[in-house]
>>> print(open('input.cif').read())   # mmCIF, C-alpha atoms
data_protein
#
loop_
_atom_site.label_atom_id
_atom_site.label_comp_id
_atom_site.auth_asym_id
_atom_site.auth_seq_id
_atom_site.Cartn_x
_atom_site.Cartn_y
_atom_site.Cartn_z
CA MET A 20 46.02 11.00 7.15
CA ILE A 21 45.67 12.80 3.79
CA THR A 22 43.00 10.32 2.71
CA ALA A 23 41.05 10.94 5.90
CA ILE A 24 41.23 14.71 5.45
CA LEU A 25 40.03 14.48 1.84
CA ALA A 26 37.18 12.21 2.87
CA ALA A 27 36.09 14.70 5.51
CA LEU A 28 36.23 17.60 3.05
CA PHE A 29 34.16 15.63 0.54
CA LEU A 30 31.29 15.55 3.03
CA LEU A 31 31.18 19.34 3.00
CA VAL A 32 31.39 20.03 -0.72
CA PRO A 33 28.83 22.50 -2.15
CA VAL A 34 25.31 21.24 -2.71
CA GLY A 35 25.50 21.61 -6.48
CA ALA A 36 28.27 19.02 -6.67
CA THR A 37 26.42 16.32 -4.79
CA THR A 38 23.14 14.45 -5.04
CA ALA A 39 22.24 15.39 -1.46
CA TYR A 40 21.19 18.67 0.07
CA LEU A 41 23.24 19.26 3.22
CA THR A 42 21.50 21.20 5.96
CA SER A 43 22.87 24.37 7.45
CA LYS A 44 24.78 24.55 10.73
CA SER A 45 21.73 26.00 12.45
CA THR A 46 19.59 23.08 11.29
CA ALA A 47 22.22 20.58 12.38
CA SER A 48 22.19 22.10 15.85
CA GLN A 49 18.49 21.22 16.15
CA THR A 50 19.12 17.50 15.76
CA ILE A 51 19.71 15.12 18.64
CA GLY A 52 23.31 14.71 17.56
CA GLY A 53 23.91 18.47 17.64
CA VAL A 54 26.44 20.33 15.53
CA GLY A 55 28.51 17.85 13.56
CA ARG A 56 25.57 15.54 12.92
CA TRP A 57 24.64 16.50 9.38
CA CYS A 58 21.22 15.60 8.05
CA SER A 59 20.63 15.41 4.30
CA VAL A 60 17.77 15.14 1.82
CA PRO A 61 17.90 14.50 -1.95
CA ASN A 62 18.92 17.51 -4.02
CA PRO A 63 16.37 18.57 -6.72
CA ALA A 64 19.14 20.17 -8.77
CA GLU A 65 20.76 16.74 -9.20
CA GLN A 66 17.65 14.52 -9.01
CA PRO A 67 14.77 16.02 -11.04
CA ASN A 68 12.26 13.57 -9.53
CA VAL A 69 12.74 15.38 -6.19
CA TYR A 70 10.60 18.47 -5.62
CA ARG A 71 11.21 21.20 -3.02
CA LEU A 72 7.89 22.38 -1.57
CA LYS A 73 9.18 25.91 -1.08
CA ASP A 74 9.69 26.26 -4.86
CA PHE A 75 6.11 25.39 -5.88
CA PRO A 76 4.12 28.11 -7.73
CA THR A 77 0.92 29.42 -6.15
CA TYR A 78 -2.19 28.87 -8.26
CA SER A 79 -5.21 29.69 -6.12
CA SER A 80 -6.72 32.67 -4.32
CA SER A 81 -6.48 30.66 -1.09
CA GLY A 82 -2.68 30.66 -1.43
CA SER A 83 -2.08 26.95 -2.01
CA SER A 84 0.96 25.88 -4.01
CA MET A 85 0.90 22.99 -6.46
CA ILE A 86 2.70 21.02 -9.15
CA ILE A 87 1.43 18.20 -11.39
CA VAL A 88 4.11 15.83 -12.68
CA PRO A 89 4.03 12.66 -14.80
CA ALA A 90 5.45 9.45 -13.33
CA VAL A 91 6.56 6.60 -15.59
CA ARG A 92 8.76 3.51 -15.38
CA ASN A 93 11.72 4.46 -17.56
CA GLY A 94 14.60 4.79 -15.10
CA GLU A 95 14.09 8.51 -14.49
CA PHE A 96 12.10 7.91 -11.29
CA GLY A 97 14.35 5.22 -9.86
CA SER A 98 16.92 2.67 -10.90
CA GLY A 99 14.29 0.04 -11.64
CA GLY A 100 14.47 -3.66 -10.93
CA GLY A 101 11.53 -3.67 -8.54
CA ASP A 102 7.83 -4.26 -8.96
CA GLY A 103 7.13 -0.86 -10.51
CA ARG A 104 5.16 0.41 -7.52
CA LEU A 105 4.58 4.16 -7.59
CA GLY A 106 5.32 6.05 -4.40
CA VAL A 107 6.47 9.22 -2.68
CA ARG A 108 9.08 9.78 0.03
CA ALA A 109 8.59 12.80 2.24
CA TRP A 110 11.96 14.15 3.42
CA ALA A 111 12.82 16.76 6.07
CA CYS A 112 15.59 17.58 8.53
CA SER A 113 14.59 20.50 10.73
CA SER A 114 11.39 20.29 12.78
CA SER A 115 10.92 24.07 12.68
CA SER A 116 8.27 23.94 9.91
CA LEU A 117 6.65 20.65 10.87
CA THR A 118 3.55 22.22 12.42
CA THR A 119 -0.18 21.58 12.27
CA GLY A 120 -0.63 25.00 10.67
CA SER A 121 0.12 23.77 7.15
CA ASN A 122 -1.12 20.83 5.08
CA ILE A 123 0.16 18.50 2.37
CA LYS A 124 -1.90 16.45 -0.07
CA VAL A 125 -0.57 14.09 -2.75
CA THR A 126 -2.88 12.21 -5.11
CA SER A 127 -2.34 10.34 -8.39
CA TRP A 128 -4.57 9.88 -11.45
CA ARG A 129 -4.92 7.95 -14.68
CA ASN A 130 -5.50 9.88 -17.89
CA THR A 131 -9.17 10.83 -18.07
CA SER A 132 -9.38 10.36 -21.85
CA ALA A 133 -7.34 9.01 -24.76
CA SER A 134 -6.77 12.56 -26.04
CA PRO A 135 -5.87 14.62 -22.98
CA ALA A 136 -5.05 18.31 -23.41
CA LEU A 137 -1.45 18.36 -22.16
CA ASN A 138 -0.61 22.00 -21.55
CA TRP A 139 2.95 22.10 -20.25
CA LEU A 140 4.79 24.70 -18.20
CA GLN A 141 8.50 25.37 -18.62
CA PRO A 142 10.65 22.39 -17.51
CA VAL A 143 12.51 22.68 -14.21
CA ASN A 144 15.94 21.10 -13.51
CA GLY A 145 16.39 19.37 -16.84
CA SER A 146 14.39 18.25 -19.86
CA GLY A 147 13.23 14.72 -18.94
CA LEU A 148 9.78 13.73 -17.73
CA PRO A 149 10.54 14.39 -14.03
CA SER A 150 11.28 18.00 -15.01
CA ARG A 151 7.92 18.49 -16.75
CA ARG A 152 4.90 20.16 -15.14
CA LEU A 153 1.29 20.29 -16.29
CA ASN A 154 -0.40 23.67 -16.10
CA PRO A 155 -2.96 23.33 -13.26
CA SER A 156 -5.03 26.14 -14.80
CA SER A 157 -5.88 24.60 -18.18
CA GLY A 158 -6.50 21.34 -20.02
CA LEU A 159 -5.91 18.05 -18.22
CA GLY A 160 -4.11 19.89 -15.43
CA GLN A 161 -7.21 21.92 -14.62
CA GLU A 162 -9.37 18.78 -14.66
CA LEU A 163 -7.03 16.94 -12.29
CA THR A 164 -6.77 19.99 -10.01
CA LYS A 165 -10.54 20.04 -9.60
CA LEU A 166 -10.73 16.29 -8.90
CA HIS A 167 -7.81 16.53 -6.46
CA ARG A 168 -9.39 19.40 -4.51
CA GLU A 169 -13.14 18.93 -4.87
CA GLY A 170 -13.79 15.37 -6.03
CA THR A 171 -16.64 14.50 -8.40
CA SER A 172 -18.94 17.34 -9.45
CA GLY A 173 -22.26 17.27 -7.62
CA LEU A 174 -21.03 15.39 -4.57
CA VAL A 175 -20.75 17.10 -1.19
CA GLY A 176 -17.16 17.33 -0.01
CA ALA A 177 -14.13 15.91 -1.77
CA ARG A 178 -15.78 12.61 -2.64
CA LEU A 179 -15.41 10.48 -5.75
CA GLY A 180 -18.24 8.65 -7.45
CA GLY A 181 -19.03 7.12 -10.85
CA ASP A 182 -16.15 6.76 -13.30
CA ASP A 183 -13.95 9.11 -11.26
CA ARG A 184 -13.51 6.41 -8.62
CA ALA A 185 -11.36 4.31 -10.96
CA LYS A 186 -9.09 7.20 -11.96
CA TYR A 187 -7.75 7.90 -8.48
CA ALA A 188 -4.87 6.56 -6.40
CA TRP A 189 -4.14 7.79 -2.90
CA ILE A 190 -0.59 8.55 -1.74
CA MET A 191 -0.61 11.25 0.96
CA SER A 192 -4.39 11.53 1.16
CA SER A 193 -7.48 9.54 2.17
CA GLY A 194 -6.47 9.38 5.82
CA ARG A 195 -2.75 8.64 5.50
CA THR A 196 -0.14 10.02 7.91
CA LYS A 197 3.40 9.07 8.89
CA THR A 198 1.94 6.70 11.50
CA ALA A 199 -0.69 5.32 9.09
CA THR A 200 1.11 5.02 5.76
CA ASN A 201 -1.07 2.11 4.63
CA ALA A 202 -4.46 3.66 5.43
CA SER A 203 -7.26 3.33 2.87
CA PRO A 204 -10.46 5.37 2.53
CA SER A 205 -13.76 4.06 3.86
CA TYR A 206 -16.13 3.12 1.05
CA SER A 207 -19.89 3.57 1.30
CA LEU A 208 -21.95 0.82 -0.37
CA LEU A 209 -25.04 2.90 0.33
CA VAL A 210 -24.03 5.72 -2.01
CA HIS A 211 -21.05 4.09 -3.77
CA ASN A 212 -18.55 6.88 -3.22
CA PHE A 213 -15.65 7.68 -0.90
CA ASN A 214 -13.80 10.65 0.56
CA ILE A 215 -10.35 11.54 -0.72
CA ASP A 216 -9.87 14.65 1.42
CA PRO A 217 -8.39 13.57 4.79
CA HIS A 218 -4.75 14.62 4.38
CA PRO A 219 -1.76 15.03 6.68
CA THR A 220 -0.42 18.25 8.12
CA PHE A 221 3.28 19.02 7.88
CA SER A 222 3.54 17.64 11.40
CA SER A 223 1.72 14.37 10.72
CA GLY A 224 3.11 13.79 7.21
CA PHE A 225 6.86 14.45 7.62
CA LYS A 226 9.51 13.15 9.97
CA SER A 227 12.49 15.29 11.01
CA ASP A 228 15.91 14.22 12.25
CA ASP A 229 15.21 14.91 15.92
CA SER A 230 13.41 11.78 17.06
CA GLY A 231 15.64 10.99 20.04
CA THR A 232 17.81 8.40 18.33
CA ARG A 233 21.39 8.47 17.11
CA THR A 234 20.23 6.82 13.87
CA VAL A 235 19.33 9.28 11.12
CA SER A 236 15.80 8.56 9.87
CA ASN A 237 14.22 11.56 8.22
CA SER A 238 11.94 10.25 5.48
CA VAL A 239 8.51 8.64 5.29
CA GLU A 240 7.51 6.39 2.39
CA TYR A 241 3.97 6.39 0.99
CA LEU A 242 2.99 3.88 -1.72
CA ALA A 243 0.26 4.55 -4.29
CA THR A 244 -2.89 2.47 -3.81
CA ALA A 245 -6.19 2.44 -5.72
CA PHE A 246 -9.59 0.78 -5.93
CA TRP A 247 -9.06 -0.14 -9.61
CA LYS A 248 -7.15 -3.10 -11.05
CA GLY A 249 -5.83 -4.34 -14.38
CA SER A 250 -6.07 -1.55 -16.93
CA GLY A 251 -8.49 0.55 -14.92
CA GLU A 252 -11.25 -1.91 -14.07
CA TRP A 253 -13.24 -1.19 -10.91
CA SER A 254 -12.52 -3.81 -8.23
CA GLY A 255 -15.90 -3.67 -6.49
CA GLY A 256 -19.48 -4.60 -7.32
CA LEU A 257 -23.01 -3.47 -6.61
CA LEU A 258 -23.11 -5.40 -3.35
CA SER A 259 -19.40 -5.79 -2.68
CA PRO A 260 -16.94 -3.05 -1.69
CA PRO A 261 -13.79 -2.45 -3.76
CA THR A 262 -10.47 -3.79 -2.57
CA ALA A 263 -7.24 -1.80 -2.27
CA GLN A 264 -4.81 -2.51 -5.13
CA PRO A 265 -1.11 -1.58 -5.55
CA VAL A 266 -0.43 0.86 -8.39
CA ASN A 267 2.41 -0.82 -10.30
CA LEU A 268 3.67 0.70 -13.53
CA VAL A 269 5.00 -1.24 -16.54
CA SER A 270 7.94 -0.32 -18.75
CA TYR A 271 7.23 2.98 -20.43
CA LYS A 272 6.57 2.81 -24.18
CA ASN A 273 6.42 6.58 -24.75
CA ASP A 274 2.62 6.53 -24.56
CA ILE A 275 1.90 9.46 -22.28
CA THR A 276 -1.76 9.50 -23.39
CA SER A 277 -2.41 5.90 -22.29
CA THR A 278 -5.50 5.52 -20.10
CA ASP A 279 -4.64 2.17 -18.50
CA GLY A 280 -2.87 3.75 -15.52
CA ARG A 281 0.18 1.53 -16.04
CA GLN A 282 2.08 3.64 -18.58
CA VAL A 283 1.71 6.98 -16.81
CA GLN A 284 0.36 8.37 -13.57
CA TRP A 285 -0.18 12.07 -12.96
CA VAL A 286 0.98 12.98 -9.46
CA VAL A 287 -0.64 16.07 -7.96
CA ILE A 288 1.29 17.62 -5.05
CA GLU A 289 -0.24 20.53 -3.12
CA TRP A 290 0.58 22.31 0.13
CA TRP A 291 -1.06 25.24 1.89
CA GLY A 292 -1.23 26.92 5.28
CA ALA A 293 0.31 29.49 7.58
CA THR A 294 3.70 27.79 8.01
CA ALA A 295 6.02 27.96 5.02
CA PRO A 296 8.05 24.79 4.34
CA SER A 297 11.74 24.83 5.20
CA ASP A 298 14.37 24.47 2.47
CA ASP A 299 14.94 20.83 3.37
CA MET A 300 11.29 19.73 2.95
CA VAL A 301 11.22 17.83 -0.34
CA LEU A 302 9.11 15.09 -1.92
CA GLU A 303 10.71 12.33 -3.98
CA VAL A 304 8.41 10.71 -6.55
CA PHE A 305 9.72 7.24 -7.32
CA VAL A 306 8.85 4.07 -9.21
CA ARG A 307 10.17 1.06 -7.34
#
>>> encode(input="input.cif", output="structure tokens")
Amino acid sequence: MITAILAALFLLVPVGATTAYLTSKSTASQTIGGVGRWCSVPNPAEQPNVYRLKDFPTYSSSGSSMIIVPAVRNGEFGSGGGDGRLGVRAWACSSSSLTTGSNIKVTSWRNTSASPALNWLQPVNGSGLPSRRLNPSSGLGQELTKLHREGTSGLVGARLGGDDRAKYAWIMSSGRTKTATNASPSYSLLVHNFNIDPHPTFSSGFKSDDSGTRTVSNSVEYLATAFWKGSGEWSGGLLSPPTAQPVNLVSYKNDITSTDGRQVQWVVIEWWGATAPSDDMVLEVFVR
């Protein structure tokens, strides 16, 4: 009996003492299971590779909020042992903020030069690489922000052409949603560029714990995919379209300026819109 009571109390310990963020009673009441069915998401305070949307700084006059984080294969973004595939899990519990009034866009990029200007902000939740943030307003961060939002200079819309095409990997962008997690952008052989802008809304990108089933399933996994291969070589030709390639990282050798796209990827996460994210909307950047 005592063991059972202690086990039950353990489930309700404060958030700071666990690696999961337990939802409030009001959120639990919105799930199919009702009060007593507790939904959880990873806790950023315990897992620095998890990022709460509500905590993102605002960097634009339009009111969008953004962070830019490095992702490497060194154990800080997952336990390892897999193929090194970069990805993001979108977590949520309550459906209250999962509307079409707000948007989420996640892209990933190789270093654009061998000597990038890495202007860092103050670390958040620790001192490792998952805690680091590039300043979106200067240096490499500013360059990636522009590519993420506007694409290649001179092209209409958020389209990529020229060398920029082989810097990009799509995660929650280029037409992906929770029902189309493997979507890839359409490529035009006529003009040799493609659109990176189609992105999910909160409603189409996240999944809450109120889907009509007794089984808790409140995350969506998106895996990074690109049109480049090897160490950044373009996979297409003049008369042949590029082919989608998995973005797999190799063991990190402390070379954060590497341009091959295998040592480091810069993950740009941005949200904007009329509906603020709930506390339990988080993104987990992982390396499989």
>>> residues_around(input="input.cif", residues="Ser250 of chain A", least_positions_apart="4", cutoff="9 Å", atoms="all atoms listed in the file", output="PyMOL selection string")
chain A and resi 278-281
>>> atom_distance(input="input.cif", atom1="atom CA of Glu95 of chain A", atom2="atom CA of Ala111 of chain A")
22.2 Å
>>> resolve_selection(input="input.cif", expression="the PyMOL selection byres ((chain A and resi 210) around 12)", output="ChimeraX atom specification")
/A:174-175,178-181,205-209,211-214,257-258,260
>>> residues_around(input="input.cif", residues="Pro155 of chain A", least_positions_apart="4", cutoff="10 Å", atoms="only C-alpha atoms", output="ChimeraX atom specification")
/A:78-79,85-87,138-140,159-165,287
>>> resolve_selection(input="input.cif", expression="the PyMOL selection byres ((chain A and resi 220-229) around 6)", output="number ranges by chain")
A: 50-51, 109, 111-114, 117-119, 121-123, 196-197, 219, 230-231, 237-238
>>> residues_around(input="input.cif", residues="Pro217 of chain A", least_positions_apart="6", cutoff="9 Å", atoms="all atoms listed in the file", output="list of chain:residue names")
A:Lys124, A:Met191, A:Ser192, A:Ser193, A:Gly194, A:Arg195, A:Pro204
>>> atom_distance(input="input.cif", atom1="atom CA of Val239 of chain A", atom2="atom CA of Ile275 of chain A")
28.4 Å
>>> residues_around(input="input.cif", residues="Arg71 of chain A", least_positions_apart="5", cutoff="7 Å", atoms="only C-alpha atoms", output="PyMOL selection string")
chain A and resi 63+300-302
